[in-house]
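S.K.: Got a structure for you, written out below as C-alpha cells; questions coming shortly.
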Amino acid sequence: MSKQKLQCSTAEKRVNPFFEPYGTPHDTVPFDRIRLEDYEEAFMEGIRRDNEQIEKTINNPERPTFDNTIINTEEDEGYYDLLGRVSTVFFNLLSAETNDEMDALAQKMQPILTQHANDVRLNPRLFERIRQVHLHHRRLNAEEQMLLDNCYNGFVRSGALLDDAGKERLRQLTEEASMLSLQFSQNLLKENKAFQLHITDEKQLDGLPETAREAAAMTAQEQQVQGWVFTLDMPSYSPFMTYSTQRELRRQMYMARNTVCTHDNAENNLDICKRLVNLRREIAQLLGYKTYADYVLRRRMASNSRNVYKLLDNLIEAYKPTAIKEKEELKKLFLKYKGNGAQGTVSDDEEDKGKLKPWDSGFYSHKLQMKKYNLDQEMLRPYFELSNVIKGVFGLANRLYGITFQENKQIPVYHPDVKAYEVFDQDGSFLAVFYADFHPRKGKQGGAWMTEYQGQYIDKDGKNIRPHVSVVMNLTKPTADKPALLTLGEVETFLHEFGHSLHGMFANTRFESLSGTNVWWDFVELPSQFMENYAVEKEFLQTFAFHYQTGEPLPDELIRRIVKSRNFMAATACLRQVSLGLLDMAYYTKKDAFTDDIKTFEKQAWRKAVLGEQLKDTCMTVQFSHIMAGGYAAGYYSYKWAEVLDADAFSVFKRRGIFDRKTAQSFRDNILSRGGTEHPMTLYKRFRGGEPTIEALLKRNGIKKAIKRGKK
C-alpha cells in the first residue's frame with residue numbers, strides 16, 4: 001500500500017521535459033526523458049501560450065513599432081517558444097525515428113497545428129499592426145528590414161489580404177494539403193520498408209561482392225530468417241543493382257522500387273499527388289497568382305518559370321549530345337555481353353532479351369567503368385571506413401575554417417546510431433552541437449538531410465545562442481566482421497549534408513528566422529554541393545583514405561582513376577536531374593485543374609530529357625518527396641541552379657588552393673554566416689566579385705571542351 005502511494009507521488013511530481021529547462025549540456029534536447037504523451041500536452045500548451053502572446057501584442061495600446069510588433073520583446077524570465085521547441089523535436093523524429101504511435105499522433109496534431117498557423121496568419125488585428133509598421137517604420141538596418149519584409153510578405157502570401165470568404169477557403173485548402181503531405185510521407189515510408197527480396201539459394205548471389213552478401217545476411221539474421229535479405233534502402237539496393245548477374249532479380253528489385261505507392265492498397269499515393277497539385281494551384285490562384293510556380297518563384301533567385309525553363313533547356317542543349325553518346329556506349333557493351341552469352345542477360349520475358357532495360361543500366365555502367373577506368377566502388381570501400389571518413393570530413397572543416405569537433409557522450413541522443421559532438425571555433429569558443437545519424441533502420445525515411453534542433457540567434461541580453469544541427473543519412477552499416485565501409489558516393493553524400501550543417505553552424509545573425517539555412521530555396525544547396533567537390537580532390541583524399549586493415553593510404557593510381565573518371569556518365573546524371581526539374585515544373589505551372597493520369601503525364605512531362613525506355617507501370621511522382629512533401633514544389637530546379645553556383649565558387653578555390661584559408665574565410669563571412677539577411681545574389685557577388693556563369697560547370701563536367709570540338 002505504502003509502495004503504491006510512493007509510486008503515485010513520484011509520478012505526480014514528474015514534469016513534462018518540454019516545460020522546464022532541459023538541464024543538459026548546451027541545453028540540448030533530453031531525448032532520454034521524453035515520452036510519447038509529452039508531445040500532445042506540449043503542443044496544446046504551446047498553442048495556448050502563442051495565443052496569449054498574440055493577444056498581448058494586438059491589445060498593446062502603444063503605436064505599432066518594429067520592437068513591439070515584429071520582434072519578441074517578452075521580458076518574463078525563462079520565456080521561450082514552447083510550440084517551436086516541441087514541433088522541432090517531434091517532426092524531426094517523425095522522419096528519423098518514427099513508429100506507429102508517432103504516426104498516429106502526427107495525424108491527430110497536423111490539422112490542429114495547421115489551424116493554429118492559419119489563425120495567426122489570418123488574424124486581421126495582428127496583420128494591421130504589422131502593416132502599420134511596414135508602412136511607417138523608421139530607420140532599420142539591413143537585417144531588421146529583411147525581417148520586416150519577410151514578416152509582412154509572409155502574412156500577405158498566407159492570405160492576410162483576402163476577404164472573409166477567401167480566408168475561409170484558404171483555411172480549407174491549406175489544412176487538407178497539410179494532411180495529404182503527411183499521409184504521402186507515411187505511405188512512402190511504409191511501402192519502402194515493406195518490400196524485401198529474400199534469397200535462400202546462394203547461387204542467386206552471383207556477382208555480389210562480399211560486403212553486400214554480409215549486409216544481406218545480417219539483415220536476414222535481424223529478421224530471424226535463413227539466407228539473405230535485400231531491401232530498398234540504398235546501401236542494400238544499389239550494390240544489388242550494380243553487381244548482381246541475376247537479371248530477373250534485378251528486374252524485381254527495380255520494379256519494386258519504382259512502383260512503390262502505386263499498388264491497390266492503403267499506401268497508394270496516386271490520388272494524393274493529384275489532389276496536392278490541385279490544392280496548391282488553387283491556393284496560388286486564390287492569392288492572385290496564375291500558377292503555383294508563379295507564387296513560389298516570386299521569392300526565389302530564378303524569379304519566374306521562364307528563367308527556370310531557360311536553365312533546364314540550356315542544360316539539355318549542352319549535355320544531351322554527350323548523354324546520347326554515353327547511352328550508345330552502354331548499349332554496345334550490353335550487346336557485346338549478350339552476344340557472348342555472358343551472365344546478366346537472362347530474362348523470363350523473351351521480348352526483353354535483346355534490349356537494354358532500366359534494370360540493366362547500373363549493371364552495365366559498372367562494367368563500362370571497369371573497362372574504361374578499371375575503377376570499382378568495391379575497390380575503394382576498404383579505404384573509406386566510416387570513422388576515418390568522419391575524421392577526414394572534420395579535418396577538412398578544420399583546414400578550411402579552423403573549427404574542431406569533440407564527441408560528447410553526455411549529450412542525449414535519440415538512437416544508439418547517433419553521435420553527438422561539440423564544435424569549437426578557431427579561437428576555442430563553443431560554436432555548435434552537431435548530431436550525426438548514419439545508418440538506415442525501420443523507422444527512418446530514406447535519403448539524407450540536414451535539420452536543426454535549435455537555430456542560432458542573439459537574445460535580448462545580447463547572448464549569441466548557438467545552433468544544434470543534425471545530419472541524417474542512410475549509409476552502409478557495419479557487419480559482424482567489418483566496420484562500416486562506405487562507397488565514394490556515400491562519402492559525397494556525407495560531404496553534401498555536412499555542407500548544409502556548416503551553413504547552420506556558422507550562422508551569426510540576430511534573428512533565428514534569418515539564420516543558417518533560412519535562405520531562398522534555390523540558394524540553400526550552394527554550401528552543400530560546394531563541399532561535394534572535395535570528394536575527388538587528391539589532397540583531400542590523402543588526409544583520411546587509409547585501408548581499414550593495413551593502414552595503407554589510398555594508392556595514387558586509384559586516386560588518379562577517381563579523378564580521371566569523375567565525369568563518367570556525368571551527362572546522363574545531369575539529364576536525370578533536369579528531367580526531375582521538368583516534371584516538377586510541369587505539375588506546378590498548370591493553370592487549370594489537373595485531371596490527367598499521373599503515370600502518363602509524368603512520362604510526357606520529362607520526355608525531352610529522358611533517353612531510356614519508360615515503363616508504363618513505373619512512377620516517380622508518387623515517391624517524389626521533394627515536390628510533394630519536402631518543400632521543393634516548383635523548386636527542384638534548385639539543385640541545378642545551385643550547381644552552377646557551386647562550380648563557379650569552387651573554381652576560386654581551385655585557382656587559389658583548395659584549402660586556402662583566406663578564400664574559405666571569405667566564403668564563411670559572406671555566405672555561410674549571413675543566412676537570409678540579404679538577397680542571396682548580393683551575398684554571392686560579395687564573395688565572388690561578380691555573378692556566376694555556367695562556364696565553370698561545363699568545364700568541370702568536361703562539356704565545354706566537347707562543345708568547342710563540335711564547333712571546329
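Naming scheme: A, B, ... for chains in displayed order of the C-alpha cells; residues 1 onward per chain; ligands 1 onward as shown.
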Pick out the residues sitting within 9 Å of Lys419 (chain A), and hand them over as a VMD selection string; count only C-alpha atoms, and ignore anything fewer than 6 positions along from it in its own chain.
M.R.: chain A and resid 407 to 409 411 413 434 to 438
S.K.: Pull N, CA, C and O atoms from the residues just selected and write them as a compact mmCIF listing (two decimals), in the first residue's frame.
M.R.:
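This is the output file out-v4.txt:
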# COMPACT_ATOMS: atom_id res chain seq x y z
N GLU A 407 33.54 14.53 -29.66
CA GLU A 407 32.35 13.78 -29.28
C GLU A 407 32.08 13.94 -27.79
O GLU A 407 32.99 13.90 -26.97
N ASN A 408 30.82 14.14 -27.45
CA ASN A 408 30.41 14.28 -26.06
C ASN A 408 29.28 13.29 -25.79
O ASN A 408 28.14 13.50 -26.21
N LYS A 409 29.60 12.21 -25.11
CA LYS A 409 28.62 11.16 -24.85
C LYS A 409 27.64 11.53 -23.74
O LYS A 409 26.71 10.78 -23.45
N ILE A 411 25.81 14.20 -24.06
CA ILE A 411 24.70 14.80 -24.79
C ILE A 411 23.72 13.70 -25.18
O ILE A 411 24.11 12.74 -25.85
N VAL A 413 21.04 11.38 -27.06
CA VAL A 413 20.71 11.13 -28.46
C VAL A 413 19.44 10.29 -28.53
O VAL A 413 19.04 9.68 -27.55
N PHE A 434 26.66 19.24 -32.95
CA PHE A 434 26.49 18.56 -34.23
C PHE A 434 26.11 17.10 -33.97
O PHE A 434 26.83 16.37 -33.32
N TYR A 435 24.91 16.72 -34.46
CA TYR A 435 24.47 15.32 -34.38
C TYR A 435 24.69 14.67 -35.75
O TYR A 435 24.41 15.28 -36.79
N ALA A 436 25.13 13.41 -35.74
CA ALA A 436 25.28 12.66 -36.99
C ALA A 436 24.59 11.30 -36.83
O ALA A 436 24.91 10.53 -35.93
N ASP A 437 23.64 11.03 -37.72
CA ASP A 437 22.84 9.80 -37.69
C ASP A 437 23.10 9.09 -39.02
O ASP A 437 22.64 9.53 -40.07
N PHE A 438 23.84 7.97 -38.98
CA PHE A 438 24.45 7.45 -40.20
C PHE A 438 23.69 6.35 -40.95
O PHE A 438 23.76 6.30 -42.17
S.K.: Check the DSSP output for the backbone and give back, as number ranges by chain, the residues of region 352-449 of chain A in strand (DSSP E).
M.R.: A: 404-407, 418-424, 430-437, 449
S.K.: Selection from above, N, CA, C and O atoms, as an mmCIF file, in the first residue's frame, can you write it?
M.R.:
data_model
loop_
_atom_site.group_PDB
_atom_site.id
_atom_site.type_symbol
_atom_site.label_atom_id
_atom_site.label_comp_id
_atom_site.auth_asym_id
_atom_site.auth_seq_id
_atom_site.Cartn_x
_atom_site.Cartn_y
_atom_site.Cartn_z
ATOM 1 N N THR A 404 36.985 22.657 -34.693
ATOM 2 C CA THR A 404 37.288 21.297 -34.221
ATOM 3 C C THR A 404 36.033 20.646 -33.652
ATOM 4 O O THR A 404 35.107 21.333 -33.205
ATOM 5 N N PHE A 405 36.027 19.306 -33.671
ATOM 6 C CA PHE A 405 34.883 18.515 -33.213
ATOM 7 C C PHE A 405 35.324 17.585 -32.096
ATOM 8 O O PHE A 405 36.375 16.941 -32.194
ATOM 9 N N GLN A 406 34.495 17.495 -31.071
ATOM 10 C CA GLN A 406 34.800 16.596 -29.950
ATOM 11 C C GLN A 406 33.530 15.863 -29.548
ATOM 12 O O GLN A 406 32.542 16.484 -29.152
ATOM 13 N N GLU A 407 33.539 14.533 -29.655
ATOM 14 C CA GLU A 407 32.351 13.778 -29.283
ATOM 15 C C GLU A 407 32.079 13.943 -27.788
ATOM 16 O O GLU A 407 32.993 13.901 -26.969
ATOM 17 N N VAL A 418 23.273 7.370 -33.325
ATOM 18 C CA VAL A 418 23.543 8.803 -33.419
ATOM 19 C C VAL A 418 24.744 9.176 -32.556
ATOM 20 O O VAL A 418 24.858 8.747 -31.413
ATOM 21 N N LYS A 419 25.634 9.989 -33.123
ATOM 22 C CA LYS A 419 26.762 10.531 -32.378
ATOM 23 C C LYS A 419 26.554 12.033 -32.196
ATOM 24 O O LYS A 419 26.073 12.707 -33.098
ATOM 25 N N ALA A 420 26.908 12.533 -31.012
ATOM 26 C CA ALA A 420 26.764 13.956 -30.723
ATOM 27 C C ALA A 420 28.139 14.562 -30.462
ATOM 28 O O ALA A 420 28.947 14.007 -29.709
ATOM 29 N N TYR A 421 28.394 15.704 -31.093
ATOM 30 C CA TYR A 421 29.694 16.367 -30.984
ATOM 31 C C TYR A 421 29.520 17.814 -30.539
ATOM 32 O O TYR A 421 28.554 18.484 -30.909
ATOM 33 N N GLU A 422 30.476 18.277 -29.774
ATOM 34 C CA GLU A 422 30.620 19.703 -29.528
ATOM 35 C C GLU A 422 31.553 20.255 -30.603
ATOM 36 O O GLU A 422 32.566 19.618 -30.938
ATOM 37 N N VAL A 423 31.231 21.420 -31.117
ATOM 38 C CA VAL A 423 32.049 22.040 -32.156
ATOM 39 C C VAL A 423 32.620 23.336 -31.600
ATOM 40 O O VAL A 423 31.888 24.151 -31.016
ATOM 41 N N PHE A 424 33.923 23.521 -31.775
ATOM 42 C CA PHE A 424 34.601 24.699 -31.248
ATOM 43 C C PHE A 424 35.212 25.504 -32.392
ATOM 44 O O PHE A 424 35.760 24.947 -33.350
ATOM 45 N N PHE A 430 32.919 27.934 -27.969
ATOM 46 C CA PHE A 430 31.888 26.979 -28.378
ATOM 47 C C PHE A 430 31.133 27.515 -29.583
ATOM 48 O O PHE A 430 30.682 28.662 -29.592
ATOM 49 N N LEU A 431 30.976 26.677 -30.616
ATOM 50 C CA LEU A 431 30.332 27.102 -31.855
ATOM 51 C C LEU A 431 28.968 26.467 -32.048
ATOM 52 O O LEU A 431 28.000 27.142 -32.423
ATOM 53 N N ALA A 432 28.849 25.140 -31.804
ATOM 54 C CA ALA A 432 27.596 24.444 -32.106
ATOM 55 C C ALA A 432 27.618 23.043 -31.527
ATOM 56 O O ALA A 432 28.662 22.535 -31.103
ATOM 57 N N VAL A 433 26.443 22.421 -31.529
ATOM 58 C CA VAL A 433 26.313 20.983 -31.309
ATOM 59 C C VAL A 433 26.005 20.358 -32.660
ATOM 60 O O VAL A 433 25.195 20.890 -33.431
ATOM 61 N N PHE A 434 26.664 19.243 -32.949
ATOM 62 C CA PHE A 434 26.491 18.559 -34.231
ATOM 63 C C PHE A 434 26.107 17.102 -33.973
ATOM 64 O O PHE A 434 26.830 16.369 -33.315
ATOM 65 N N TYR A 435 24.913 16.718 -34.459
ATOM 66 C CA TYR A 435 24.472 15.325 -34.384
ATOM 67 C C TYR A 435 24.687 14.668 -35.749
ATOM 68 O O TYR A 435 24.408 15.275 -36.791
ATOM 69 N N ALA A 436 25.129 13.412 -35.740
ATOM 70 C CA ALA A 436 25.281 12.655 -36.987
ATOM 71 C C ALA A 436 24.594 11.303 -36.833
ATOM 72 O O ALA A 436 24.914 10.535 -35.927
ATOM 73 N N ASP A 437 23.644 11.030 -37.716
ATOM 74 C CA ASP A 437 22.843 9.796 -37.695
ATOM 75 C C ASP A 437 23.102 9.087 -39.021
ATOM 76 O O ASP A 437 22.644 9.528 -40.068
ATOM 77 N N TRP A 449 19.435 14.140 -45.152
ATOM 78 C CA TRP A 449 19.013 15.526 -44.965
ATOM 79 C C TRP A 449 19.709 16.137 -43.758
ATOM 80 O O TRP A 449 20.256 15.445 -42.908
#
S.K.: Tell me which protein, DNA and RNA residues are within 12 Å of Phe540 (chain A), counting only C-alpha atoms, leaving out same-chain ones fewer than 5 positions away, and put them as an MDAnalysis selection string.
M.R.: chainID A and resid 389 391:397 399:400 491 495 531:535 545 554 559 657:659
S.K.: How many Å lie between CA of Tyr457 (chain A) and CA of Thr509 (chain A), rounded to one decimal?
M.R.: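 Between CA of Tyr457 (chain A) and CA of Thr509 (chain A) the gap is 5.9 Å.
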S.K.: Rank nothing, just name the residue among A:Trp520, A:Thr322, A:Leu502, A:Gln542 nearest to Met681 (chain A), using only C-alpha atoms.
M.R.: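 That would be A:Trp520, the residue with the smallest distance to Met681 (chain A).
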S.K.: What does the distance from CA of Glu175 (chain A) to CA of Ile627 (chain A) come to in Å, to one decimal?
M.R.: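 Calculated distance between CA of Glu175 (chain A) and CA of Ile627 (chain A) is 17.6 Å.
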S.K.: Skipping near chain neighbours, those fewer than 2 positions away, what residues fall within 7 Å of region 582-585 of chain A using only C-alpha atoms, listed as a list in words?
M.R.: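 The residues that qualify are Val578, Ser579, Leu580, Tyr587, Tyr588, Thr589, Glu602, Ala605, Trp606, Ile627, Ala633, Ala634 and Tyr636 of chain A.
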S.K.: Each residue of region 157-243 of chain A with at least one atom at most 9 Å from region 284-303 of chain A should appear once, together with its nearest atom pair and the corresponding distance in Å (one decimal); atoms considered: only C-alpha atoms; ordering: chain, then increasing residue number; output as JSON lines.
M.R.:
{"residue": "A:Arg157", "atom": "CA", "partner": "A:Leu287", "partner_atom": "CA", "distance": 7.0}
{"residue": "A:Ser158", "atom": "CA", "partner": "A:Leu287", "partner_atom": "CA", "distance": 8.0}
{"residue": "A:Gly159", "atom": "CA", "partner": "A:Leu287", "partner_atom": "CA", "distance": 6.5}
{"residue": "A:Leu161", "atom": "CA", "partner": "A:Leu287", "partner_atom": "CA", "distance": 8.5}
{"residue": "A:Leu162", "atom": "CA", "partner": "A:Leu287", "partner_atom": "CA", "distance": 7.6}
{"residue": "A:Gly166", "atom": "CA", "partner": "A:Leu286", "partner_atom": "CA", "distance": 7.1}
{"residue": "A:Arg169", "atom": "CA", "partner": "A:Leu286", "partner_atom": "CA", "distance": 8.5}
{"residue": "A:Leu170", "atom": "CA", "partner": "A:Leu286", "partner_atom": "CA", "distance": 7.5}
S.K.: Give me, as a tab-separated table (two decimals) with C-alpha atoms, in the first residue's frame, all polymer residues having an atom no more than 6 Å from Leu126 (chain A), counting only C-alpha atoms and skipping those fewer than 3 positions away in the same chain.
M.R.:
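Now in out_21.tsv:
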chain	number	residue	atom	x	y	z
A	58	ILE	CA	-2.69	43.19	-30.58
A	123	ASN	CA	-5.65	37.43	-37.70
A	129	ARG	CA	-0.20	46.23	-36.70
S.K.: Report as a Markdown table: every residue of region 10-37 of chain A with an atom at most 12 Å from region 82-102 of chain A, its closest pair of atoms, and their distance in Å to one decimal, counting only C-alpha atoms, with rows sorted by chain and ascending residue number.
M.R.:
| residue | atom | partner | partner_atom | distance |
| --- | --- | --- | --- | --- |
| A:Asn16 | CA | A:Val86 | CA | 10.9 |
| A:Pro17 | CA | A:Val86 | CA | 9.9 |
| A:Phe18 | CA | A:Val86 | CA | 6.7 |
| A:Phe19 | CA | A:Leu82 | CA | 7.6 |
| A:Glu20 | CA | A:Leu82 | CA | 9.8 |
| A:Pro21 | CA | A:Leu82 | CA | 11.1 |
| A:Tyr22 | CA | A:Arg85 | CA | 11.2 |
| A:Asp27 | CA | A:Arg85 | CA | 11.7 |
| A:Thr28 | CA | A:Val89 | CA | 10.8 |
| A:Val29 | CA | A:Val89 | CA | 7.8 |
| A:Pro30 | CA | A:Val89 | CA | 10.1 |
| A:Phe31 | CA | A:Val89 | CA | 8.9 |
| A:Ile34 | CA | A:Val89 | CA | 9.9 |
| A:Arg35 | CA | A:Met102 | CA | 10.7 |
| A:Leu36 | CA | A:Met102 | CA | 7.4 |
| A:Glu37 | CA | A:Met102 | CA | 10.0 |
S.K.: Please, what distance in Å, to one decimal, runs between CA of Met473 (chain A) and CA of Thr231 (chain A)?
M.R.: 16.1 Å
S.K.: Using only C-alpha atoms for the distances, tell me which of A:Val225, A:Ala448, A:Phe230, A:Leu312 is nearest to Leu197 (chain A).
M.R.: A:Phe230
S.K.: Residues at most 12 Å from Met146 (chain A), counting only C-alpha atoms, excluding those fewer than 5 positions away in the same chain, as a JSON list (two decimals) with N, CA, C and O atoms, in the first residue's frame?
M.R.:
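File produced: result.json:
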[["chain", "number", "residue", "atom", "x", "y", "z"],
["A", 66, "PHE", "N", 8.53, 48.37, -34.71],
["A", 66, "PHE", "CA", 9.29, 47.16, -35.03],
["A", 66, "PHE", "C", 9.52, 46.34, -33.76],
["A", 66, "PHE", "O", 9.35, 45.12, -33.76],
["A", 70, "ILE", "N", 7.05, 43.30, -34.33],
["A", 70, "ILE", "CA", 7.74, 42.35, -35.20],
["A", 70, "ILE", "C", 8.63, 41.38, -34.42],
["A", 70, "ILE", "O", 8.64, 40.18, -34.70],
["A", 134, "HIS", "N", 5.14, 48.25, -41.39],
["A", 134, "HIS", "CA", 5.70, 48.18, -42.73],
["A", 134, "HIS", "C", 5.57, 49.50, -43.47],
["A", 134, "HIS", "O", 6.45, 49.90, -44.24],
["A", 140, "LEU", "N", 15.85, 51.26, -40.17],
["A", 140, "LEU", "CA", 16.20, 49.90, -39.78],
["A", 140, "LEU", "C", 17.48, 49.51, -40.49],
["A", 140, "LEU", "O", 17.76, 49.97, -41.60],
["A", 141, "ASN", "N", 18.27, 48.64, -39.87],
["A", 141, "ASN", "CA", 19.43, 48.13, -40.59],
["A", 141, "ASN", "C", 18.98, 47.06, -41.58],
["A", 141, "ASN", "O", 17.80, 46.69, -41.62],
["A", 151, "CYS", "N", 8.27, 39.23, -42.75],
["A", 151, "CYS", "CA", 7.08, 39.11, -41.91],
["A", 151, "CYS", "C", 5.85, 39.61, -42.65],
["A", 151, "CYS", "O", 4.83, 38.92, -42.72],
["A", 152, "TYR", "N", 5.94, 40.79, -43.21],
["A", 152, "TYR", "CA", 4.80, 41.36, -43.94],
["A", 152, "TYR", "C", 4.42, 40.49, -45.14],
["A", 152, "TYR", "O", 3.26, 40.13, -45.33],
["A", 153, "ASN", "N", 5.42, 40.15, -45.95],
["A", 153, "ASN", "CA", 5.15, 39.34, -47.14],
["A", 153, "ASN", "C", 4.65, 37.95, -46.76],
["A", 153, "ASN", "O", 3.83, 37.36, -47.48],
["A", 154, "GLY", "N", 5.14, 37.42, -45.65],
["A", 154, "GLY", "CA", 4.67, 36.11, -45.19],
["A", 154, "GLY", "C", 3.19, 36.12, -44.88],
["A", 154, "GLY", "O", 2.47, 35.18, -45.22],
["A", 509, "THR", "N", 23.64, 35.61, -36.97],
["A", 509, "THR", "CA", 22.70, 36.69, -37.24],
["A", 509, "THR", "C", 21.89, 36.98, -35.97],
["A", 509, "THR", "O", 21.90, 36.21, -35.01],
["A", 510, "ARG", "N", 21.17, 38.07, -35.99],
["A", 510, "ARG", "CA", 20.41, 38.46, -34.81],
["A", 510, "ARG", "C", 19.14, 37.64, -34.67],
["A", 510, "ARG", "O", 18.75, 37.25, -33.56],
["A", 511, "PHE", "N", 18.48, 37.36, -35.79],
["A", 511, "PHE", "CA", 17.16, 36.73, -35.74],
["A", 511, "PHE", "C", 17.22, 35.29, -36.23],
["A", 511, "PHE", "O", 17.80, 35.00, -37.28],
["A", 513, "SER", "N", 14.94, 33.38, -37.51],
["A", 513, "SER", "CA", 14.26, 33.10, -38.77],
["A", 513, "SER", "C", 15.09, 33.50, -39.99],
["A", 513, "SER", "O", 14.74, 33.16, -41.12],
["A", 514, "LEU", "N", 16.20, 34.20, -39.78],
["A", 514, "LEU", "CA", 17.09, 34.59, -40.87],
["A", 514, "LEU", "C", 18.44, 33.88, -40.80],
["A", 514, "LEU", "O", 19.30, 34.11, -41.63],
["A", 515, "SER", "N", 18.62, 33.01, -39.81],
["A", 515, "SER", "CA", 19.94, 32.41, -39.60],
["A", 515, "SER", "C", 20.11, 31.10, -40.35],
["A", 515, "SER", "O", 19.14, 30.45, -40.74],
["A", 519, "VAL", "N", 17.35, 30.53, -46.02],
["A", 519, "VAL", "CA", 17.64, 31.35, -47.20],
["A", 519, "VAL", "C", 16.68, 30.94, -48.31],
["A", 519, "VAL", "O", 15.94, 29.97, -48.19],
["A", 675, "GLY", "N", 23.28, 33.77, -43.51],
["A", 675, "GLY", "CA", 21.90, 33.28, -43.60],
["A", 675, "GLY", "C", 21.11, 34.00, -44.66],
["A", 675, "GLY", "O", 21.57, 34.21, -45.78],
["A", 676, "GLY", "N", 19.88, 34.40, -44.29],
["A", 676, "GLY", "CA", 19.00, 35.08, -45.23],
["A", 676, "GLY", "C", 18.86, 36.55, -44.95],
["A", 676, "GLY", "O", 17.81, 37.15, -45.21],
["A", 677, "THR", "N", 19.93, 37.16, -44.42],
["A", 677, "THR", "CA", 19.85, 38.57, -44.04],
["A", 677, "THR", "C", 19.87, 39.53, -45.22],
["A", 677, "THR", "O", 19.49, 40.68, -45.08],
["A", 678, "GLU", "N", 20.33, 39.04, -46.37],
["A", 678, "GLU", "CA", 20.35, 39.86, -47.58],
["A", 678, "GLU", "C", 19.98, 38.98, -48.77],
["A", 678, "GLU", "O", 19.93, 37.76, -48.67],
["A", 679, "HIS", "N", 19.73, 39.63, -49.90],
["A", 679, "HIS", "CA", 19.42, 38.88, -51.12],
["A", 679, "HIS", "C", 20.59, 37.95, -51.43],
["A", 679, "HIS", "O", 21.76, 38.36, -51.36],
["A", 680, "PRO", "N", 20.32, 36.69, -51.77],
["A", 680, "PRO", "CA", 21.42, 35.74, -51.99],
["A", 680, "PRO", "C", 22.41, 36.15, -53.07],
["A", 680, "PRO", "O", 23.61, 35.88, -52.94]]
